[in-house]
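Engineer: Contents of model.txt (compact mmCIF, C-alpha atoms) are below:
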# COMPACT_ATOMS: atom_id res chain seq x y z
CA MET F 1 68.48 20.61 -26.55
CA SER F 2 67.18 17.03 -26.53
CA GLU F 3 67.42 16.79 -22.72
CA THR F 4 65.57 20.12 -22.35
CA LEU F 5 62.82 18.84 -24.69
CA ASN F 6 62.47 15.59 -22.72
CA LEU F 7 62.22 17.53 -19.46
CA THR F 8 59.55 19.78 -20.98
CA ARG F 9 57.56 16.82 -22.22
CA THR F 10 57.87 15.11 -18.86
CA ALA F 11 56.61 18.13 -17.01
CA SER F 12 53.72 18.49 -19.46
CA PHE F 13 52.85 14.82 -19.03
CA GLU F 14 52.91 15.11 -15.26
CA LYS F 15 50.63 18.14 -15.45
CA ARG F 16 48.09 16.31 -17.62
CA LEU F 17 48.27 13.28 -15.33
CA LYS F 18 47.51 15.42 -12.29
CA GLN F 19 44.59 16.97 -14.15
CA ARG F 20 43.18 13.53 -14.95
CA TYR F 21 43.59 12.44 -11.33
CA ALA F 22 41.88 15.62 -10.18
CA ALA F 23 39.01 15.05 -12.63
CA GLU F 24 38.63 11.48 -11.36
CA LYS F 25 38.49 12.69 -7.75
CA ARG F 26 35.86 15.29 -8.67
CA PHE F 27 33.78 12.62 -10.40
CA ARG F 28 34.02 10.28 -7.43
CA PHE F 29 33.08 13.12 -5.09
CA ALA F 30 30.09 14.05 -7.29
CA GLY F 31 28.90 10.43 -7.32
CA LEU F 32 29.28 10.09 -3.55
CA ALA F 33 27.48 13.41 -3.05
CA ALA F 34 24.61 12.23 -5.26
CA ILE F 35 24.26 9.02 -3.24
CA LEU F 36 24.37 10.87 0.07
CA PHE F 37 21.81 13.38 -1.18
CA SER F 38 19.48 10.56 -2.29
CA VAL F 39 19.84 8.81 1.07
CA ALA F 40 19.21 12.09 2.91
CA VAL F 41 16.04 12.74 0.90
CA LEU F 42 14.82 9.20 1.58
CA LEU F 43 15.52 9.50 5.30
CA PHE F 44 13.78 12.89 5.39
CA LEU F 45 10.73 11.36 3.71
CA LEU F 46 10.62 8.38 6.07
CA VAL F 47 11.18 10.48 9.21
CA THR F 48 8.57 13.05 8.16
CA MET F 49 5.98 10.43 7.31
CA THR F 50 6.67 8.53 10.53
CA TYR F 51 6.44 11.66 12.66
CA ASN F 52 3.21 12.81 11.02
CA GLY F 53 1.76 9.32 10.94
CA ILE F 54 2.23 8.45 14.61
CA GLY F 55 -0.96 10.32 15.45
CA GLY F 56 -2.82 8.34 12.80
CA PHE F 57 -2.20 5.10 14.68
CA GLN F 58 -3.69 6.66 17.81
CA ARG F 59 -7.05 8.06 18.81
CA ALA F 60 -8.44 10.05 21.70
CA THR F 61 -10.21 7.87 24.27
CA LEU F 62 -12.13 8.41 27.51
CA THR F 63 -11.48 5.88 30.27
CA VAL F 64 -14.86 4.80 31.69
CA PRO F 65 -15.38 2.10 34.35
CA ILE F 66 -18.39 -0.15 33.65
CA ASP F 67 -19.77 -2.53 36.29
CA PHE F 68 -21.35 -5.32 34.26
CA THR F 69 -22.34 -7.24 37.39
CA GLN F 70 -25.13 -4.70 38.00
CA VAL F 71 -26.71 -4.60 34.55
CA GLY F 72 -27.60 -8.25 33.87
CA LEU F 73 -26.34 -8.53 30.32
CA VAL F 74 -26.11 -12.08 28.95
CA LEU F 75 -24.34 -13.41 25.89
CA PRO F 76 -26.65 -16.18 24.65
CA ALA F 77 -25.00 -19.52 24.01
CA GLY F 78 -24.99 -21.04 20.57
CA ILE F 79 -24.92 -17.74 18.67
CA GLU F 80 -22.92 -17.98 15.48
CA GLY F 81 -21.49 -14.85 13.91
CA GLN F 82 -20.28 -11.67 15.50
CA GLY F 83 -23.02 -9.59 13.91
CA VAL F 84 -25.78 -11.66 15.53
CA ALA F 85 -24.11 -11.42 18.96
CA ILE F 86 -23.73 -7.64 18.63
CA ARG F 87 -27.40 -7.25 17.74
CA SER F 88 -28.32 -9.41 20.73
CA LEU F 89 -26.33 -7.18 23.10
CA GLU F 90 -27.84 -4.11 21.48
CA GLY F 91 -31.31 -5.48 22.07
CA GLN F 92 -30.47 -5.98 25.75
CA GLY F 93 -29.63 -2.28 26.07
CA LEU F 94 -25.81 -2.24 25.87
CA PRO F 95 -25.73 1.27 24.26
CA GLU F 96 -27.75 2.66 27.17
CA VAL F 97 -25.51 0.86 29.68
CA VAL F 98 -22.41 2.44 28.17
CA SER F 99 -24.01 5.91 28.09
CA PHE F 100 -25.18 5.66 31.72
CA ALA F 101 -21.78 4.45 32.93
CA ALA F 102 -20.03 7.30 31.10
CA ALA F 103 -22.40 9.89 32.58
CA GLN F 104 -21.87 8.52 36.09
CA ALA F 105 -18.07 8.41 35.76
CA ILE F 106 -17.16 11.58 33.88
CA GLY F 107 -20.28 13.71 33.87
CA GLU F 108 -23.11 14.34 31.47
CA GLU F 109 -21.24 16.90 29.35
CA ALA F 110 -18.24 14.64 28.81
CA ALA F 111 -20.48 11.59 28.25
CA ASN F 112 -22.11 13.40 25.33
CA GLU F 113 -18.67 13.51 23.65
CA VAL F 114 -18.29 9.72 23.67
CA SER F 115 -18.53 8.33 20.15
CA ALA F 116 -21.99 7.08 19.25
CA ASP F 117 -20.50 3.75 18.13
CA ALA F 118 -18.39 3.22 21.27
CA TRP F 119 -20.79 0.56 22.50
CA ARG F 120 -19.89 -1.59 19.48
CA MET F 121 -16.28 -1.70 20.65
CA VAL F 122 -17.54 -2.77 24.08
CA ALA F 123 -19.68 -5.46 22.45
CA GLU F 124 -16.71 -6.80 20.48
CA ARG F 125 -14.67 -7.01 23.66
CA ILE F 126 -17.48 -8.86 25.43
CA ILE F 127 -17.74 -11.33 22.56
CA SER F 128 -13.99 -11.98 22.66
CA ASP F 129 -14.03 -12.41 26.47
CA PRO F 130 -17.52 -13.20 27.92
CA THR F 131 -16.12 -13.29 31.48
CA ILE F 132 -16.19 -9.48 31.38
CA LEU F 133 -19.93 -9.67 32.09
CA GLN F 134 -19.09 -10.82 35.64
CA GLN F 135 -16.57 -8.04 36.30
CA ARG F 136 -16.12 -4.33 36.73
CA VAL F 137 -13.73 -3.20 33.99
CA GLU F 138 -12.37 0.06 32.64
CA MET F 139 -13.07 0.69 28.98
CA ALA F 140 -11.16 3.11 26.74
CA LEU F 141 -14.03 4.54 24.69
CA PRO F 142 -13.35 6.57 21.53
CA THR F 143 -14.39 10.20 21.74
CA SER F 144 -16.26 12.33 19.26
CA GLU F 145 -14.33 14.11 16.53
CA SER F 146 -15.01 17.45 18.21
CA LEU F 147 -13.47 16.46 21.54
CA SER F 148 -10.55 14.78 19.79
CA ALA F 149 -9.84 17.97 17.82
CA ALA F 150 -10.16 20.08 20.95
CA TYR F 151 -7.73 17.80 22.80
CA SER F 152 -5.19 18.20 19.99
CA GLY F 153 -5.56 21.99 20.10
CA ASP F 154 -7.81 22.41 17.07
CA GLY F 155 -11.51 22.45 16.52
CA GLN F 156 -14.13 24.06 18.73
CA THR F 157 -12.64 26.35 21.35
CA ALA F 158 -15.70 25.75 23.56
CA LEU F 159 -14.62 22.14 24.13
CA GLN F 160 -10.97 22.91 24.85
CA PRO F 161 -11.55 23.71 28.58
CA LEU F 162 -13.42 20.40 28.92
CA ALA F 163 -10.63 18.57 27.10
CA ARG F 164 -7.99 20.11 29.40
CA GLN F 165 -10.05 19.24 32.47
CA LEU F 166 -10.54 15.63 31.44
CA ALA F 167 -6.87 15.32 30.51
CA ALA F 168 -5.86 16.72 33.93
CA GLN F 169 -8.06 14.10 35.58
CA GLY F 170 -6.29 11.38 33.59
CA VAL F 171 -9.52 10.36 31.90
CA LEU F 172 -8.80 11.70 28.40
CA GLY F 173 -5.71 10.74 26.42
CA ASN F 174 -4.37 9.29 23.19
CA SER F 175 -3.92 5.54 23.01
CA PHE F 176 -2.72 3.14 20.33
CA ASP F 177 -5.55 2.16 18.03
CA PRO F 178 -5.06 -1.40 16.75
CA GLY F 179 -8.44 -1.15 15.06
CA PHE F 180 -6.94 1.22 12.49
CA LEU F 181 -5.49 -1.84 10.77
CA THR F 182 -8.69 -3.92 11.06
CA ARG F 183 -11.50 -1.44 10.34
CA SER F 184 -12.65 0.05 7.05
CA ASP F 185 -13.46 3.60 6.00
CA ALA F 186 -15.84 5.68 8.08
CA THR F 187 -17.18 9.23 8.17
CA ASN F 188 -15.74 9.63 11.67
CA SER F 189 -11.94 9.86 11.74
CA GLN F 190 -11.96 8.24 15.18
CA LEU F 191 -13.53 5.11 13.69
CA ALA F 192 -11.84 5.07 10.28
CA GLY F 193 -9.53 2.20 9.40
CA ILE F 194 -7.36 1.02 6.53
CA TRP F 195 -8.13 -2.71 6.28
CA GLY F 196 -10.79 -2.33 3.58
CA ALA F 197 -8.44 -0.38 1.29
CA LEU F 198 -5.51 -2.66 2.10
CA LYS F 199 -7.50 -5.77 1.24
CA GLY F 200 -8.73 -4.09 -1.93
CA SER F 201 -5.11 -3.37 -2.91
CA MET F 202 -4.14 -6.99 -2.26
CA LEU F 203 -6.97 -8.37 -4.39
CA THR F 204 -6.28 -5.87 -7.18
CA MET F 205 -2.56 -6.69 -7.21
CA LEU F 206 -3.32 -10.42 -7.35
CA VAL F 207 -5.47 -9.92 -10.44
CA THR F 208 -2.83 -7.66 -12.00
CA LEU F 209 -0.04 -10.17 -11.39
CA ALA F 210 -2.11 -13.15 -12.54
CA LEU F 211 -2.85 -11.45 -15.86
CA ALA F 212 0.22 -9.32 -16.61
CA PHE F 213 3.01 -11.72 -15.64
CA PRO F 214 2.20 -14.82 -17.76
CA ILE F 215 0.99 -12.82 -20.76
CA GLY F 216 3.97 -10.46 -20.62
CA VAL F 217 6.51 -13.30 -20.28
CA LEU F 218 4.96 -15.33 -23.11
CA ALA F 219 4.86 -12.25 -25.34
CA ALA F 220 8.53 -11.52 -24.58
CA LEU F 221 9.54 -15.11 -25.36
CA TYR F 222 7.64 -15.15 -28.62
CA LEU F 223 8.99 -11.81 -29.84
CA GLU F 224 12.57 -12.70 -28.96
CA GLU F 225 12.71 -16.39 -29.85
CA TYR F 226 10.07 -17.11 -32.48
CA ALA F 227 8.78 -13.96 -34.20
CA PRO F 228 10.20 -13.31 -37.68
CA ARG F 229 12.07 -10.07 -38.23
CA ASN F 230 9.86 -8.00 -40.53
CA ARG F 231 7.96 -4.72 -40.59
CA TRP F 232 5.07 -6.13 -38.57
CA THR F 233 7.35 -7.23 -35.78
CA ASP F 234 9.02 -3.81 -35.82
CA LEU F 235 5.58 -2.18 -35.60
CA ILE F 236 4.67 -4.35 -32.61
CA GLU F 237 7.95 -3.46 -30.86
CA VAL F 238 7.38 0.26 -31.40
CA SER F 239 3.81 -0.05 -30.15
CA ILE F 240 4.89 -1.85 -26.97
CA ASN F 241 7.56 0.76 -26.28
CA ASN F 242 4.99 3.52 -26.76
CA LEU F 243 2.49 1.77 -24.48
CA ALA F 244 5.06 1.73 -21.69
CA ALA F 245 5.19 5.54 -21.84
CA VAL F 246 1.44 6.20 -22.14
CA PRO F 247 -0.03 8.18 -19.18
CA SER F 248 -1.83 5.91 -16.76
CA ILE F 249 -5.13 7.76 -17.03
CA ILE F 250 -5.39 6.59 -20.65
CA PHE F 251 -5.51 3.01 -19.40
CA GLY F 252 -8.24 4.13 -17.00
CA LEU F 253 -10.27 5.44 -19.93
CA LEU F 254 -9.71 2.14 -21.73
CA GLY F 255 -10.89 0.19 -18.70
CA LEU F 256 -13.92 2.46 -18.40
CA ALA F 257 -14.85 2.00 -22.05
CA VAL F 258 -14.07 -1.72 -22.46
CA PHE F 259 -14.19 -3.58 -19.15
CA LEU F 260 -17.05 -1.65 -17.58
CA GLY F 261 -18.84 -1.77 -20.91
CA LEU F 262 -18.65 -5.56 -20.81
CA PHE F 263 -19.24 -5.91 -17.04
CA PRO F 264 -21.31 -2.89 -15.92
CA ASN F 265 -22.24 -4.54 -12.61
CA LEU F 266 -18.59 -4.83 -11.50
CA ARG F 267 -17.91 -1.13 -11.13
CA SER F 268 -15.18 -0.46 -8.51
CA ALA F 269 -14.47 -4.20 -8.19
CA PRO F 270 -10.86 -5.43 -7.74
CA LEU F 271 -11.33 -7.62 -10.83
CA ILE F 272 -11.88 -4.58 -13.08
CA GLY F 273 -9.12 -2.63 -11.32
CA GLY F 274 -6.67 -5.50 -11.73
CA MET F 275 -7.51 -5.91 -15.42
CA THR F 276 -6.97 -2.19 -16.00
CA LEU F 277 -3.64 -2.14 -14.17
CA ALA F 278 -2.57 -5.31 -15.99
CA LEU F 279 -2.84 -3.43 -19.29
CA MET F 280 -0.54 -0.76 -17.88
CA THR F 281 1.95 -3.24 -16.42
CA MET F 282 2.28 -5.65 -19.34
CA PRO F 283 4.42 -3.41 -21.62
CA VAL F 284 7.01 -2.98 -18.85
CA ILE F 285 7.18 -6.75 -18.30
CA VAL F 286 7.46 -7.40 -22.05
CA ILE F 287 10.32 -4.91 -22.53
CA THR F 288 12.36 -6.08 -19.53
CA GLY F 289 11.56 -9.70 -20.34
CA ARG F 290 12.90 -9.35 -23.88
CA ASN F 291 16.09 -7.75 -22.58
CA ALA F 292 16.50 -10.56 -20.04
CA VAL F 293 15.98 -13.25 -22.70
CA LYS F 294 18.37 -11.49 -25.06
CA ALA F 295 21.04 -11.41 -22.32
CA VAL F 296 21.17 -15.23 -22.15
CA PRO F 297 24.36 -16.29 -24.03
CA PRO F 298 23.78 -18.00 -27.42
CA SER F 299 26.07 -20.81 -26.26
CA ILE F 300 23.31 -21.95 -23.86
CA ARG F 301 20.94 -22.42 -26.78
CA ASP F 302 23.58 -24.06 -28.98
CA GLY F 303 24.61 -26.46 -26.22
CA ALA F 304 21.01 -27.49 -25.53
CA LEU F 305 20.31 -28.05 -29.23
CA ALA F 306 23.54 -30.03 -29.55
CA VAL F 307 22.45 -32.59 -26.96
CA GLY F 308 19.09 -33.11 -28.68
CA ALA F 309 16.71 -30.65 -26.98
CA SER F 310 13.80 -29.36 -29.06
CA PRO F 311 13.41 -25.59 -29.60
CA VAL F 312 10.58 -25.49 -27.06
CA GLN F 313 12.71 -27.33 -24.49
CA VAL F 314 15.57 -24.93 -25.14
CA VAL F 315 13.33 -21.97 -24.38
CA PHE F 316 11.47 -23.30 -21.34
CA HIS F 317 14.17 -25.52 -19.80
CA HIS F 318 17.24 -23.38 -20.38
CA VAL F 319 16.57 -19.83 -21.59
CA LEU F 320 13.60 -18.96 -19.39
CA PRO F 321 15.14 -20.14 -16.06
CA LEU F 322 18.26 -18.08 -16.76
CA ALA F 323 16.23 -15.03 -17.81
CA LEU F 324 13.77 -15.29 -14.92
CA PRO F 325 15.71 -13.01 -12.49
CA GLY F 326 15.72 -10.21 -15.06
CA ILE F 327 12.04 -10.80 -15.79
CA LEU F 328 11.23 -10.59 -12.08
CA THR F 329 13.10 -7.29 -11.90
CA GLY F 330 10.80 -5.86 -14.56
CA THR F 331 7.82 -7.33 -12.77
CA ILE F 332 8.87 -5.60 -9.54
CA ILE F 333 9.07 -2.27 -11.34
CA GLY F 334 5.71 -2.74 -13.03
CA MET F 335 3.88 -3.93 -9.92
CA ALA F 336 5.35 -1.12 -7.81
CA ARG F 337 4.07 1.38 -10.35
CA ALA F 338 0.66 -0.28 -10.40
CA LEU F 339 0.43 -0.31 -6.60
CA GLY F 340 0.83 3.47 -6.42
CA GLU F 341 -1.52 4.36 -9.26
CA THR F 342 -4.64 6.40 -8.57
CA ALA F 343 -5.83 7.95 -11.82
CA PRO F 344 -6.88 4.78 -13.71
CA LEU F 345 -8.71 3.44 -10.67
CA LEU F 346 -10.58 6.71 -10.20
CA MET F 347 -11.81 6.38 -13.78
CA ILE F 348 -13.38 2.98 -13.11
CA GLY F 349 -15.09 4.10 -9.90
CA MET F 350 -12.82 2.73 -7.17
CA ARG F 351 -13.22 5.94 -5.18
CA ALA F 352 -16.50 4.79 -3.65
CA PHE F 353 -17.09 4.96 0.10
CA VAL F 354 -16.70 1.32 1.16
CA ALA F 355 -17.53 0.71 4.82
CA THR F 356 -16.95 -3.05 4.74
CA PRO F 357 -13.92 -4.97 3.39
CA PRO F 358 -14.48 -6.67 0.02
CA GLY F 359 -15.32 -10.32 0.31
CA GLY F 360 -13.98 -11.27 -3.12
CA PHE F 361 -12.74 -10.06 -6.47
CA THR F 362 -16.17 -8.87 -7.61
CA ASP F 363 -17.21 -6.91 -4.51
CA PRO F 364 -17.00 -3.09 -4.38
CA ALA F 365 -13.63 -1.97 -3.02
CA THR F 366 -11.13 0.82 -2.92
CA VAL F 367 -7.32 0.74 -2.78
CA LEU F 368 -4.70 2.40 -0.61
CA PRO F 369 -3.65 5.22 -3.00
CA VAL F 370 -7.28 6.19 -3.60
CA GLN F 371 -8.04 6.03 0.13
CA ILE F 372 -5.08 8.31 0.81
CA PHE F 373 -6.29 10.68 -1.88
CA LEU F 374 -9.80 10.83 -0.42
CA TRP F 375 -8.59 11.35 3.16
CA SER F 376 -6.13 14.07 2.11
CA ASP F 377 -9.09 16.06 0.78
CA GLU F 378 -10.71 16.16 4.24
CA ILE F 379 -10.30 19.25 6.41
CA ASN F 380 -10.62 17.32 9.68
CA ARG F 381 -7.27 17.06 11.48
CA GLY F 382 -8.02 13.45 12.38
CA PHE F 383 -8.17 12.47 8.71
CA VAL F 384 -4.93 14.37 8.04
CA GLU F 385 -3.17 12.17 10.59
CA ARG F 386 -4.90 9.08 9.21
CA THR F 387 -3.57 10.03 5.77
CA SER F 388 0.04 9.98 6.98
CA ALA F 389 -0.58 6.66 8.74
CA ALA F 390 -2.07 5.22 5.56
CA ILE F 391 1.02 6.34 3.62
CA ILE F 392 3.18 4.42 6.11
CA VAL F 393 1.02 1.32 5.56
CA LEU F 394 1.33 1.76 1.78
CA LEU F 395 5.12 2.06 2.01
CA ALA F 396 5.28 -1.01 4.26
CA PHE F 397 3.09 -2.98 1.82
CA LEU F 398 5.31 -1.87 -1.08
CA LEU F 399 8.50 -2.87 0.77
CA LEU F 400 6.99 -6.24 1.68
CA MET F 401 5.92 -6.91 -1.90
CA ASN F 402 9.29 -5.83 -3.32
CA GLY F 403 11.14 -7.84 -0.68
CA LEU F 404 9.25 -10.98 -1.67
CA ALA F 405 9.96 -10.35 -5.35
CA ILE F 406 13.67 -9.73 -4.67
CA TYR F 407 13.83 -12.95 -2.66
CA LEU F 408 12.28 -14.89 -5.55
CA ARG F 409 14.65 -13.21 -8.00
CA ASN F 410 17.69 -14.19 -5.93
CA ARG F 411 16.23 -17.63 -5.40
CA PHE F 412 16.08 -18.33 -9.14
CA GLU F 413 19.23 -16.46 -10.09
CA LYS F 414 21.88 -18.60 -11.79
CA THR F 415 25.37 -17.88 -12.97
CA TRP F 416 27.17 -19.19 -15.99
Hey, can you dump this file as structure tokens for me?
Structural biologist:
Amino acid sequence: MSETLNLTRTASFEKRLKQRYAAEKRFRFAGLAAILFSVAVLLFLLVTMTYNGIGGFQRATLTVPIDFTQVGLVLPAGIEGQGVAIRSLEGQGLPEVVSFAAAQAIGEEAANEVSADAWRMVAERIISDPTILQQRVEMALPTSESLSAAYSGDGQTALQPLARQLAAQGVLGNSFDPGFLTRSDATNSQLAGIWGALKGSMLTMLVTLALAFPIGVLAALYLEEYAPRNRWTDLIEVSINNLAAVPSIIFGLLGLAVFLGLFPNLRSAPLIGGMTLALMTMPVIVITGRNAVKAVPPSIRDGALAVGASPVQVVFHHVLPLALPGILTGTIIGMARALGETAPLLMIGMRAFVATPPGGFTDPATVLPVQIFLWSDEINRGFVERTSAAIIVLLAFLLLMNGLAIYLRNRFEKTW
């Protein structure tokens, strides 16, 4: 009877053991499936954005030969500033020279579809290389939006035969547009660029980091190391936790009411945008900073006090350096969120049409998310492609910023 009971218990134990092993395998499979699904979604996003954004880094151009030896243009010596040189070439008739050369090379009808600002690109090339004025060179001139749409298969059907004819002659084609990364916004998708919004994002993020990081870190150190434990401290902790979950548009309303009320002349400036985003980012830095400070072992503090360090030296010479990697992790999360925000910046007016890059923190500017939002609302196919290209630039900027932060985090990371 006893042997039969032992055999029964052994069989039951083996059955339960197999069930536990099977459950563990299912859990491991579910975890692996979740990781693979996440990677697949990320790859799908990156591939889709890259495929759709390739066209945004290109533009339709007409190849036009221009013989500068026959027109007598001169770039005066001693001119300082690109704007002055461009106006000088304009006064000498460069726009008419470009129009005449286009009409002679590709016909009057096709010459009418050359962008009205194509001569500026020619002027910039002359300024960069004045020897062109003694040569006959081929220029890739941007086309009008209508011809570009017709070449891509959209737009006016009346221009599609002309686009096919020019493409068959090898005159019309898409070429890489390096100016997309150096120009600012424009009403013509062929001339629109991302540099103005990118620079605006950089300036706004600098203001956000300069305000949110030191204030957030100091607040975390005070609450964790110095603040007494009472109902007021508990109220502050609850308020900070609630602020971290407040919708971003509320911070936009706060910036509109407070910052623009104090500085009405700085509407849409990176300074106001950075101050608004700093309010949104600080709670995240405070929460993660407190957790990082709390994770430092008490023995570090006791050892520092035992060798004669003051409380301030304990915090800034021992606790803070060990907590800095965790604080930087929270900063990465907060800055990444701030970089992609649109709603609070729309509230303070950073959706303005800005044709020139901001020169400083107080100049009118826009940012990449807002620029993407504005372009996505356009019905022109050229702006749709520019939108995807701008998203790629935003992702690259985010990866670069996060990569720098991760490097700094690993640089200051210490083990104990």
Engineer: Given only C-alpha atoms, how would the per-residue table for region 182-264 of chain F near region 53-74 of chain F read, listing every residue at most 9 Å away with its closest atom pair and distance in Å to one decimal, sorted by chain and number, as CSV?
Structural biologist:
residue,atom,partner,partner_atom,distance
F:Ser189,CA,F:Arg59,CA,8.8
F:Gln190,CA,F:Arg59,CA,6.1
F:Leu191,CA,F:Arg59,CA,8.8
Engineer: Could you write out the selected residues, including C-alpha atoms, as a PDB file, in the frame of the given file?
Structural biologist:
ATOM      1  CA  SER F 189     -11.940   9.860  11.740  1.00  0.00           C
ATOM      2  CA  GLN F 190     -11.960   8.240  15.180  1.00  0.00           C
ATOM      3  CA  LEU F 191     -13.530   5.110  13.690  1.00  0.00           C
TER       4      LEU F 191
END
Engineer: At what distance in Å, to one decimal, does CA of Ser184 (chain F) lie from CA of Ala336 (chain F)?
Structural biologist: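 Computed distance, CA of Ala336 (chain F) to CA of Ser184 (chain F), equals 23.4 Å.
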Engineer: Excluding region 280-282 of chain F and its own-chain neighbours fewer than 4 positions away, which residues fall within 10 Å of it when counting all atoms listed in the file? Please give them as a PyMOL selection string.
Structural biologist: chain F and resi 208-209+211-217+219+240+243-252+274-276+286-287+330-331+333-338+344
Engineer: Based on the selection just made, write C-alpha atoms of those residues as a tab-separated table (two decimals), in the coordinates of the input.
Structural biologist:
chain	number	residue	atom	x	y	z
F	208	THR	CA	-2.83	-7.66	-12.00
F	209	LEU	CA	-0.04	-10.17	-11.39
F	211	LEU	CA	-2.85	-11.45	-15.86
F	212	ALA	CA	0.22	-9.32	-16.61
F	213	PHE	CA	3.01	-11.72	-15.64
F	214	PRO	CA	2.20	-14.82	-17.76
F	215	ILE	CA	0.99	-12.82	-20.76
F	216	GLY	CA	3.97	-10.46	-20.62
F	217	VAL	CA	6.51	-13.30	-20.28
F	219	ALA	CA	4.86	-12.25	-25.34
F	240	ILE	CA	4.89	-1.85	-26.97
F	243	LEU	CA	2.49	1.77	-24.48
F	244	ALA	CA	5.06	1.73	-21.69
F	245	ALA	CA	5.19	5.54	-21.84
F	246	VAL	CA	1.44	6.20	-22.14
F	247	PRO	CA	-0.03	8.18	-19.18
F	248	SER	CA	-1.83	5.91	-16.76
F	249	ILE	CA	-5.13	7.76	-17.03
F	250	ILE	CA	-5.39	6.59	-20.65
F	251	PHE	CA	-5.51	3.01	-19.40
F	252	GLY	CA	-8.24	4.13	-17.00
F	274	GLY	CA	-6.67	-5.50	-11.73
F	275	MET	CA	-7.51	-5.91	-15.42
F	276	THR	CA	-6.97	-2.19	-16.00
F	286	VAL	CA	7.46	-7.40	-22.05
F	287	ILE	CA	10.32	-4.91	-22.53
F	330	GLY	CA	10.80	-5.86	-14.56
F	331	THR	CA	7.82	-7.33	-12.77
F	333	ILE	CA	9.07	-2.27	-11.34
F	334	GLY	CA	5.71	-2.74	-13.03
F	335	MET	CA	3.88	-3.93	-9.92
F	336	ALA	CA	5.35	-1.12	-7.81
F	337	ARG	CA	4.07	1.38	-10.35
F	338	ALA	CA	0.66	-0.28	-10.40
F	344	PRO	CA	-6.88	4.78	-13.71
Engineer: Given the point (0.2, -6.0, 0.6) in the file's coordinates, find the residues that have an atom at most 10 Å from it, counting all atoms listed in the file, and give them as a ChimeraX atom specification.
Structural biologist: /F:198-203,205-206,339,368,393-402
Engineer: Let me see the file: selected residues, C-alpha atoms, as a PDB file, in the coordinates of the input.
Structural biologist:
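Below you can see part-v6.pdb, which holds the result:
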ATOM      1  CA  LEU F 198      -5.510  -2.660   2.100  1.00  0.00           C
ATOM      2  CA  LYS F 199      -7.500  -5.770   1.240  1.00  0.00           C
ATOM      3  CA  GLY F 200      -8.730  -4.090  -1.930  1.00  0.00           C
ATOM      4  CA  SER F 201      -5.110  -3.370  -2.910  1.00  0.00           C
ATOM      5  CA  MET F 202      -4.140  -6.990  -2.260  1.00  0.00           C
ATOM      6  CA  LEU F 203      -6.970  -8.370  -4.390  1.00  0.00           C
ATOM      7  CA  MET F 205      -2.560  -6.690  -7.210  1.00  0.00           C
ATOM      8  CA  LEU F 206      -3.320 -10.420  -7.350  1.00  0.00           C
ATOM      9  CA  LEU F 339       0.430  -0.310  -6.600  1.00  0.00           C
ATOM     10  CA  LEU F 368      -4.700   2.400  -0.610  1.00  0.00           C
ATOM     11  CA  VAL F 393       1.020   1.320   5.560  1.00  0.00           C
ATOM     12  CA  LEU F 394       1.330   1.760   1.780  1.00  0.00           C
ATOM     13  CA  LEU F 395       5.120   2.060   2.010  1.00  0.00           C
ATOM     14  CA  ALA F 396       5.280  -1.010   4.260  1.00  0.00           C
ATOM     15  CA  PHE F 397       3.090  -2.980   1.820  1.00  0.00           C
ATOM     16  CA  LEU F 398       5.310  -1.870  -1.080  1.00  0.00           C
ATOM     17  CA  LEU F 399       8.500  -2.870   0.770  1.00  0.00           C
ATOM     18  CA  LEU F 400       6.990  -6.240   1.680  1.00  0.00           C
ATOM     19  CA  MET F 401       5.920  -6.910  -1.900  1.00  0.00           C
ATOM     20  CA  ASN F 402       9.290  -5.830  -3.320  1.00  0.00           C
TER      21      ASN F 402
END
Engineer: Using all atoms listed in the file, which protein or nucleic acid residues come within 12 Å of region 310-315 of chain F? Drop anything in the same chain fewer than 5 positions from it, and give the result as a list in words.
Structural biologist: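 With the cut-off at 12 Å, the set is Val217, Leu218, Ala220, Leu221, Tyr222, Glu224, Glu225, Tyr226, Val293, Lys294, Val296, Pro298, Ser299, Ile300, Arg301, Asp302, Gly303, Ala304, Leu305, Leu320, Pro321, Leu322, Ala323 and Leu324 of chain F.
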Engineer: So what do you get for CA of Ser38 (chain F) versus CA of Thr329 (chain F), distance-wise?
Structural biologist: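 So the answer is 21.3 Å.
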Engineer: Point out the residue among F:Ile327, F:Leu260, F:Ala168, F:Leu94 with the least atom-to-atom distance to Val122 (chain F), counting all atoms listed in the file.
Structural biologist: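 Distance minimum relative to Val122 (chain F) lands on F:Leu94.
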Engineer: Mind giving me the straight-line distance from CA of Ile106 (chain F) to CA of Leu181 (chain F) in Å, one decimal?
Structural biologist: 29.2 Å
Engineer: Return the padded bounding box of region 166-169 of chain F as lines of an AutoDock Vina configuration file: axis-aligned, built from all atoms listed in the file, 4 Å added on each side, with centre and edge lengths in Å to one decimal.
Structural biologist:
center_x = -8.2
center_y = 15.4
center_z = 33.0
size_x = 12.7
size_y = 10.6
size_z = 13.1
Engineer: Excluding Gly382 (chain F) and any residue of its chain fewer than 2 positions from it, enumerate the residues within 8 Å of it, using only C-alpha atoms, and give them as an NGL selection string.
Structural biologist: :F and (56 or 145 or 148-149 or 189-190 or 380 or 384-386)
Engineer: Excluding same-chain residues fewer than 5 positions from Arg164 (chain F), what lies within 12 Å of it counting all atoms listed in the file, as a count of residues only?
Structural biologist: 16
Engineer: Choose the residue, out of F:Glu113, F:Leu328, F:Pro369, F:Ile127, that has the smallest atom-to-atom separation from Arg87 (chain F); count all atoms listed in the file.
Structural biologist: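 Closest candidate: F:Ile127.
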Engineer: For region 67-72 of chain F of the block above, can you save C-alpha atoms as an mmCIF file, in the first residue's frame?
Structural biologist:
data_model
loop_
_atom_site.group_PDB
_atom_site.id
_atom_site.type_symbol
_atom_site.label_atom_id
_atom_site.label_comp_id
_atom_site.auth_asym_id
_atom_site.auth_seq_id
_atom_site.Cartn_x
_atom_site.Cartn_y
_atom_site.Cartn_z
ATOM 1 C CA ASP F 67 26.425 80.282 -71.614
ATOM 2 C CA PHE F 68 27.616 82.983 -69.218
ATOM 3 C CA THR F 69 30.401 84.051 -71.575
ATOM 4 C CA GLN F 70 27.794 85.736 -73.811
ATOM 5 C CA VAL F 71 25.851 87.706 -71.207
ATOM 6 C CA GLY F 72 28.532 89.833 -69.517
#
